[in-house]
Amino acid sequence: MVSQEQRRRQLAREKLERQQQRRAAARSKTQKRNAAIAGGIVLALVAGLVVAAVGLFDSDDKDKKEKKDTVADPCARPAPGTPSGQTWKKEPKLTIDKSADYTMELATTCGDITIGLDAKNAPHTVNSFNFLAGKGYFDHTRCHRLTDQGIYVLQCGDPKGDGTGTPGYTIPDENLKDPKLKGNVYPAGTIAMANRYNPQPPKGESKNEDSGGSQFFIVYQDSELPPYYTPFGTLKGGEDVLKKITKAGATAPDPQTRNTAPIATVVINKATVKRS
(Lines give C-alpha, C1' and ligand atoms only; values in the text may rest on other atoms or scores of the structure.)
Protein backbone atom coordinates (compact mmCIF):
# COMPACT_ATOMS: atom_id res chain seq x y z
CA MET A 1 0.00 0.00 0.00
CA VAL A 2 1.30 3.41 -1.07
CA SER A 3 1.76 5.81 1.75
CA GLN A 4 0.59 9.38 1.60
CA GLU A 5 4.18 10.61 1.39
CA GLN A 6 4.98 8.32 -1.57
CA ARG A 7 1.82 9.46 -3.33
CA ARG A 8 2.82 13.10 -2.86
CA ARG A 9 6.27 12.45 -4.30
CA GLN A 10 4.81 10.58 -7.28
CA LEU A 11 2.47 13.49 -8.07
CA ALA A 12 5.38 15.92 -7.77
CA ARG A 13 7.46 13.84 -10.23
CA GLU A 14 4.59 13.67 -12.71
CA LYS A 15 4.10 17.42 -12.43
CA LEU A 16 7.82 18.00 -13.02
CA GLU A 17 7.78 15.71 -16.05
CA ARG A 18 4.80 17.57 -17.51
CA GLN A 19 6.57 20.88 -16.94
CA GLN A 20 9.73 19.58 -18.62
CA GLN A 21 7.72 18.28 -21.59
CA ARG A 22 5.95 21.62 -21.99
CA ARG A 23 9.29 23.45 -21.76
CA ALA A 24 10.87 21.10 -24.34
CA ALA A 25 7.89 21.57 -26.64
CA ALA A 26 8.11 25.33 -26.20
CA ARG A 27 11.84 25.30 -26.95
CA SER A 28 11.26 23.19 -30.06
CA LYS A 29 8.54 25.52 -31.26
CA THR A 30 10.73 28.54 -30.67
CA GLN A 31 13.65 26.96 -32.52
CA LYS A 32 11.46 26.13 -35.52
CA ARG A 33 10.01 29.63 -35.56
CA ASN A 34 13.44 31.20 -35.35
CA ALA A 35 14.73 28.90 -38.09
CA ALA A 36 11.84 29.85 -40.31
CA ILE A 37 12.41 33.53 -39.67
CA ALA A 38 16.13 33.16 -40.31
CA GLY A 39 15.44 31.20 -43.46
CA GLY A 40 13.07 33.90 -44.67
CA ILE A 41 15.66 36.56 -44.08
CA VAL A 42 18.27 34.59 -46.01
CA LEU A 43 15.84 34.03 -48.88
CA ALA A 44 14.98 37.70 -48.89
CA LEU A 45 18.63 38.65 -48.96
CA VAL A 46 19.38 36.19 -51.74
CA ALA A 47 16.40 37.40 -53.70
CA GLY A 48 17.51 40.95 -53.18
CA LEU A 49 20.99 40.12 -54.34
CA VAL A 50 19.64 38.33 -57.41
CA VAL A 51 17.41 41.26 -58.25
CA ALA A 52 20.29 43.62 -57.72
CA ALA A 53 22.56 41.48 -59.87
CA VAL A 54 19.96 41.24 -62.62
CA GLY A 55 19.50 44.97 -62.40
CA LEU A 56 23.23 45.46 -62.73
CA PHE A 57 23.41 43.15 -65.72
CA ASP A 58 20.40 44.81 -67.32
CA SER A 59 21.94 48.18 -66.66
CA ASP A 60 25.24 47.01 -68.09
CA ASP A 61 23.54 45.68 -71.22
CA LYS A 62 21.57 48.88 -71.54
CA ASP A 63 24.72 50.94 -71.15
CA LYS A 64 26.42 48.88 -73.83
CA LYS A 65 23.46 49.30 -76.18
CA GLU A 66 23.25 53.02 -75.51
CA LYS A 67 27.00 53.32 -76.02
CA LYS A 68 26.67 51.51 -79.36
CA ASP A 69 23.70 53.64 -80.39
CA THR A 70 25.42 56.85 -79.44
CA VAL A 71 28.83 56.48 -81.06
CA ALA A 72 30.69 59.76 -80.85
CA ASP A 73 31.00 61.57 -84.16
CA PRO A 74 34.77 61.64 -84.87
CA CYS A 75 34.52 64.43 -87.45
CA ALA A 76 34.27 68.20 -87.23
CA ARG A 77 31.25 70.33 -88.03
CA PRO A 78 30.82 71.19 -91.72
CA ALA A 79 31.91 74.58 -93.00
CA PRO A 80 29.03 77.03 -93.53
CA GLY A 81 27.33 76.61 -96.88
CA THR A 82 25.04 74.36 -98.90
CA PRO A 83 25.49 72.40 -102.15
CA SER A 84 24.91 74.52 -105.24
CA GLY A 85 22.76 71.91 -106.93
CA GLN A 86 23.74 73.24 -110.36
CA THR A 87 22.95 71.14 -113.42
CA TRP A 88 24.06 71.27 -117.04
CA LYS A 89 22.39 69.96 -120.16
CA LYS A 90 25.39 68.16 -121.61
CA GLU A 91 28.81 66.81 -120.76
CA PRO A 92 31.49 69.53 -120.70
CA LYS A 93 33.91 69.81 -123.59
CA LEU A 94 37.02 67.69 -123.19
CA THR A 95 39.78 70.12 -122.18
CA ILE A 96 42.17 68.12 -120.01
CA ASP A 97 45.54 66.85 -121.18
CA LYS A 98 45.34 63.05 -121.34
CA SER A 99 49.09 62.77 -120.92
CA ALA A 100 49.20 64.88 -117.75
CA ASP A 101 48.82 63.89 -114.12
CA TYR A 102 45.87 65.29 -112.17
CA THR A 103 45.14 65.20 -108.46
CA MET A 104 41.85 65.75 -106.66
CA GLU A 105 41.95 67.08 -103.12
CA LEU A 106 38.92 66.58 -100.90
CA ALA A 107 38.97 68.76 -97.80
CA THR A 108 36.41 66.97 -95.63
CA THR A 109 35.10 67.38 -92.11
CA CYS A 110 37.04 64.24 -91.19
CA GLY A 111 40.34 65.24 -92.79
CA ASP A 112 41.95 65.62 -96.19
CA ILE A 113 41.74 62.91 -98.86
CA THR A 114 44.06 62.95 -101.88
CA ILE A 115 43.19 61.10 -105.09
CA GLY A 116 45.41 60.54 -108.10
CA LEU A 117 43.29 60.76 -111.28
CA ASP A 118 43.82 58.54 -114.32
CA ALA A 119 43.39 60.99 -117.20
CA LYS A 120 44.96 58.62 -119.72
CA ASN A 121 42.48 55.75 -119.25
CA ALA A 122 39.42 57.67 -118.05
CA PRO A 123 39.64 61.08 -119.78
CA HIS A 124 35.91 61.84 -119.89
CA THR A 125 35.53 61.06 -116.18
CA VAL A 126 38.57 63.07 -115.11
CA ASN A 127 37.52 65.94 -117.37
CA SER A 128 34.06 65.96 -115.77
CA PHE A 129 35.50 66.03 -112.25
CA ASN A 130 37.84 68.83 -113.24
CA PHE A 131 34.87 70.79 -114.55
CA LEU A 132 32.55 70.09 -111.60
CA ALA A 133 35.20 70.83 -108.97
CA GLY A 134 35.96 74.12 -110.72
CA LYS A 135 32.29 75.05 -110.46
CA GLY A 136 32.19 74.25 -106.71
CA TYR A 137 29.70 71.46 -107.40
CA PHE A 138 31.11 69.10 -104.75
CA ASP A 139 31.49 71.75 -102.06
CA HIS A 140 29.31 71.18 -98.98
CA THR A 141 28.08 67.80 -100.24
CA ARG A 142 27.71 64.91 -97.82
CA CYS A 143 29.14 61.44 -98.40
CA HIS A 144 25.83 59.68 -98.05
CA ARG A 145 26.62 55.98 -98.18
CA LEU A 146 28.97 53.65 -96.29
CA THR A 147 28.83 49.89 -96.76
CA ASP A 148 30.64 47.60 -94.34
CA GLN A 149 29.26 44.21 -95.37
CA GLY A 150 29.87 42.39 -98.66
CA ILE A 151 31.49 45.42 -100.30
CA TYR A 152 33.43 48.14 -98.53
CA VAL A 153 32.93 51.57 -100.04
CA LEU A 154 32.31 55.17 -99.06
CA GLN A 155 30.12 56.90 -101.64
CA CYS A 156 30.12 60.66 -102.22
CA GLY A 157 29.41 63.27 -104.89
CA ASP A 158 25.64 63.66 -104.54
CA PRO A 159 24.43 67.23 -103.88
CA LYS A 160 21.08 65.85 -102.71
CA GLY A 161 22.68 63.45 -100.26
CA ASP A 162 20.21 60.65 -100.95
CA GLY A 163 21.71 58.85 -103.94
CA THR A 164 19.57 60.57 -106.59
CA GLY A 165 21.58 63.71 -107.37
CA THR A 166 23.19 64.25 -110.79
CA PRO A 167 24.89 67.13 -112.62
CA GLY A 168 22.21 66.90 -115.30
CA TYR A 169 24.39 65.03 -117.80
CA THR A 170 25.99 61.59 -117.99
CA ILE A 171 29.47 60.44 -119.01
CA PRO A 172 30.57 57.26 -120.78
CA ASP A 173 31.87 54.20 -118.98
CA GLU A 174 35.66 53.95 -119.22
CA ASN A 175 38.57 51.75 -118.25
CA LEU A 176 36.36 48.74 -117.44
CA LYS A 177 39.13 46.36 -118.47
CA ASP A 178 41.65 47.88 -116.11
CA PRO A 179 44.19 45.10 -115.38
CA LYS A 180 44.09 46.02 -111.68
CA LEU A 181 40.53 44.63 -111.51
CA LYS A 182 41.59 41.00 -111.19
CA GLY A 183 38.82 38.48 -110.60
CA ASN A 184 36.22 41.27 -110.48
CA VAL A 185 37.85 42.61 -107.33
CA TYR A 186 38.17 46.36 -106.95
CA PRO A 187 41.27 46.64 -104.73
CA ALA A 188 41.39 48.89 -101.69
CA GLY A 189 42.25 52.45 -102.67
CA THR A 190 40.34 52.35 -105.96
CA ILE A 191 38.16 55.35 -106.82
CA ALA A 192 35.31 54.44 -109.17
CA MET A 193 32.10 55.85 -110.58
CA ALA A 194 28.64 54.92 -109.36
CA ASN A 195 26.02 54.48 -112.08
CA ARG A 196 22.60 53.02 -112.87
CA TYR A 197 23.80 50.13 -115.03
CA ASN A 198 21.56 47.05 -114.98
CA PRO A 199 22.88 44.00 -116.85
CA GLN A 200 19.46 42.33 -116.80
CA PRO A 201 16.84 45.04 -117.24
CA PRO A 202 13.11 44.34 -117.56
CA LYS A 203 11.98 43.61 -121.10
CA GLY A 204 11.86 46.74 -123.21
CA GLU A 205 14.19 48.76 -120.95
CA SER A 206 17.83 49.65 -121.52
CA LYS A 207 20.79 48.54 -119.46
CA ASN A 208 21.57 52.17 -118.61
CA GLU A 209 25.10 51.97 -119.90
CA ASP A 210 27.17 55.17 -119.80
CA SER A 211 25.04 56.47 -116.94
CA GLY A 212 27.73 57.88 -114.67
CA GLY A 213 27.19 61.38 -113.33
CA SER A 214 28.90 62.90 -110.31
CA GLN A 215 28.63 60.16 -107.69
CA PHE A 216 31.76 58.16 -106.97
CA PHE A 217 32.94 55.70 -104.37
CA ILE A 218 36.18 55.06 -102.52
CA VAL A 219 36.99 51.39 -101.94
CA TYR A 220 38.54 51.11 -98.47
CA GLN A 221 38.85 47.31 -98.46
CA ASP A 222 39.09 44.86 -101.37
CA SER A 223 35.56 44.43 -102.73
CA GLU A 224 34.22 41.99 -105.30
CA LEU A 225 32.09 43.89 -107.80
CA PRO A 226 31.10 43.29 -111.42
CA PRO A 227 33.30 45.37 -113.75
CA TYR A 228 30.60 47.92 -114.56
CA TYR A 229 32.01 50.86 -112.62
CA THR A 230 34.64 53.14 -114.18
CA PRO A 231 37.86 53.08 -112.12
CA PHE A 232 39.33 56.54 -112.59
CA GLY A 233 41.60 57.19 -109.64
CA THR A 234 43.68 55.83 -106.79
CA LEU A 235 43.86 56.91 -103.16
CA LYS A 236 47.14 58.77 -102.56
CA GLY A 237 46.53 60.12 -99.08
CA GLY A 238 43.90 60.02 -96.35
CA GLU A 239 43.99 56.38 -95.27
CA ASP A 240 43.77 57.57 -91.66
CA VAL A 241 40.68 59.60 -92.56
CA LEU A 242 38.96 56.55 -94.02
CA LYS A 243 39.87 54.50 -90.95
CA LYS A 244 38.32 57.14 -88.74
CA ILE A 245 35.12 57.11 -90.80
CA THR A 246 34.81 53.34 -91.09
CA LYS A 247 35.66 52.78 -87.41
CA ALA A 248 32.65 54.89 -86.43
CA GLY A 249 30.52 52.48 -88.47
CA ALA A 250 27.35 52.70 -90.51
CA THR A 251 23.72 53.36 -89.64
CA ALA A 252 20.90 50.83 -89.90
CA PRO A 253 19.61 50.36 -93.47
CA ASP A 254 17.17 52.96 -94.74
CA PRO A 255 13.69 51.35 -94.92
CA GLN A 256 13.19 52.50 -98.52
CA THR A 257 16.61 52.45 -100.19
CA ARG A 258 18.24 49.82 -97.91
CA ASN A 259 21.37 51.97 -98.03
CA THR A 260 23.49 52.53 -94.94
CA ALA A 261 25.05 55.91 -94.19
CA PRO A 262 28.23 56.69 -92.27
CA ILE A 263 27.66 57.51 -88.62
CA ALA A 264 30.43 60.07 -88.95
CA THR A 265 29.45 63.40 -90.49
CA VAL A 266 31.44 63.18 -93.73
CA VAL A 267 31.03 66.40 -95.70
CA ILE A 268 33.26 67.65 -98.50
CA ASN A 269 33.90 71.25 -97.52
CA LYS A 270 35.95 71.89 -100.65
CA ALA A 271 36.99 69.84 -103.68
CA THR A 272 39.77 70.91 -106.03
CA VAL A 273 41.37 69.28 -109.08
CA LYS A 274 44.89 70.30 -109.99
CA ARG A 275 47.29 69.37 -112.73
CA SER A 276 50.46 67.98 -111.17
# chains A, B, ... in the order shown; residues from 1 in each chain; ligands from 1
call {"tool": "residues_around", "arguments": {"residues": "A:Gln221", "least_positions_apart": "4", "cutoff": "10 Å", "atoms": "only C-alpha atoms", "output": "list of chain:residue names"}}
result
A:Asp148, A:Ile151, A:Tyr152, A:Val153, A:Tyr186, A:Pro187, A:Ala188, A:Gly189, A:Thr190
call {"tool": "residues_around", "arguments": {"residues": "A:Pro80", "least_positions_apart": "4", "cutoff": "12 Å", "atoms": "only C-alpha atoms", "output": "short mmCIF file (atom, residue, chain, number, x, y, z; two decimals) with all heavy atoms, in the first residue's frame"}}
result
data_model
loop_
_atom_site.label_atom_id
_atom_site.label_comp_id
_atom_site.auth_asym_id
_atom_site.auth_seq_id
_atom_site.Cartn_x
_atom_site.Cartn_y
_atom_site.Cartn_z
N THR A 109 35.25 67.14 -93.54
CA THR A 109 35.10 67.38 -92.11
C THR A 109 35.91 66.38 -91.28
O THR A 109 36.14 66.60 -90.09
CB THR A 109 33.63 67.27 -91.71
OG1 THR A 109 33.09 66.05 -92.25
CG2 THR A 109 32.82 68.44 -92.23
N ASP A 139 31.35 71.06 -103.34
CA ASP A 139 31.49 71.75 -102.06
C ASP A 139 30.21 71.64 -101.22
O ASP A 139 29.11 71.84 -101.73
CB ASP A 139 31.83 73.23 -102.28
CG ASP A 139 33.15 73.41 -103.03
OD1 ASP A 139 33.86 72.40 -103.23
OD2 ASP A 139 33.44 74.55 -103.44
N HIS A 140 30.40 71.30 -99.96
CA HIS A 140 29.31 71.18 -98.98
C HIS A 140 28.42 69.96 -99.21
O HIS A 140 27.32 69.89 -98.64
CB HIS A 140 28.44 72.45 -98.94
CG HIS A 140 29.24 73.71 -98.84
ND1 HIS A 140 30.03 74.01 -97.75
CD2 HIS A 140 29.38 74.75 -99.71
CE1 HIS A 140 30.62 75.18 -97.95
NE2 HIS A 140 30.26 75.64 -99.13
N THR A 141 28.88 69.01 -100.03
CA THR A 141 28.08 67.80 -100.24
C THR A 141 28.48 66.73 -99.23
O THR A 141 29.64 66.62 -98.83
CB THR A 141 28.26 67.24 -101.66
OG1 THR A 141 29.65 66.93 -101.88
CG2 THR A 141 27.79 68.25 -102.71
N VAL A 267 31.44 65.36 -94.76
CA VAL A 267 31.03 66.40 -95.70
C VAL A 267 32.27 66.92 -96.41
O VAL A 267 33.31 67.18 -95.78
CB VAL A 267 30.30 67.56 -94.99
CG1 VAL A 267 30.00 68.70 -95.97
CG2 VAL A 267 29.01 67.06 -94.36
N ILE A 268 32.17 67.07 -97.73
CA ILE A 268 33.26 67.65 -98.50
C ILE A 268 33.12 69.17 -98.42
O ILE A 268 32.22 69.76 -99.03
CB ILE A 268 33.21 67.20 -99.97
CG1 ILE A 268 33.36 65.67 -100.06
CG2 ILE A 268 34.31 67.89 -100.79
CD1 ILE A 268 33.15 65.12 -101.46
N ASN A 269 33.95 69.80 -97.63
CA ASN A 269 33.90 71.25 -97.52
C ASN A 269 34.36 71.93 -98.81
O ASN A 269 33.80 72.94 -99.23
CB ASN A 269 34.77 71.73 -96.35
CG ASN A 269 34.17 71.37 -95.00
OD1 ASN A 269 32.95 71.37 -94.83
ND2 ASN A 269 35.02 71.06 -94.04
N LYS A 270 35.40 71.32 -99.42
CA LYS A 270 35.95 71.89 -100.65
C LYS A 270 36.63 70.80 -101.47
O LYS A 270 37.37 69.98 -100.92
CB LYS A 270 36.98 73.00 -100.31
CG LYS A 270 37.56 73.71 -101.52
CD LYS A 270 36.53 74.58 -102.22
CE LYS A 270 37.11 75.34 -103.38
NZ LYS A 270 36.07 76.14 -104.11
#
call {"tool": "closest_residue", "arguments": {"among": "A:Thr108, A:Asn259, A:Ser99, A:Asn184", "to": "A:Val241", "atoms": "only C-alpha atoms"}}
result
A:Thr108
call {"tool": "select_by_dssp", "arguments": {"residues": "stretch 92-248 of chain A", "states": "alpha helix (DSSP H)", "output": "number ranges by chain"}}
result
A: 123-134, 239-248
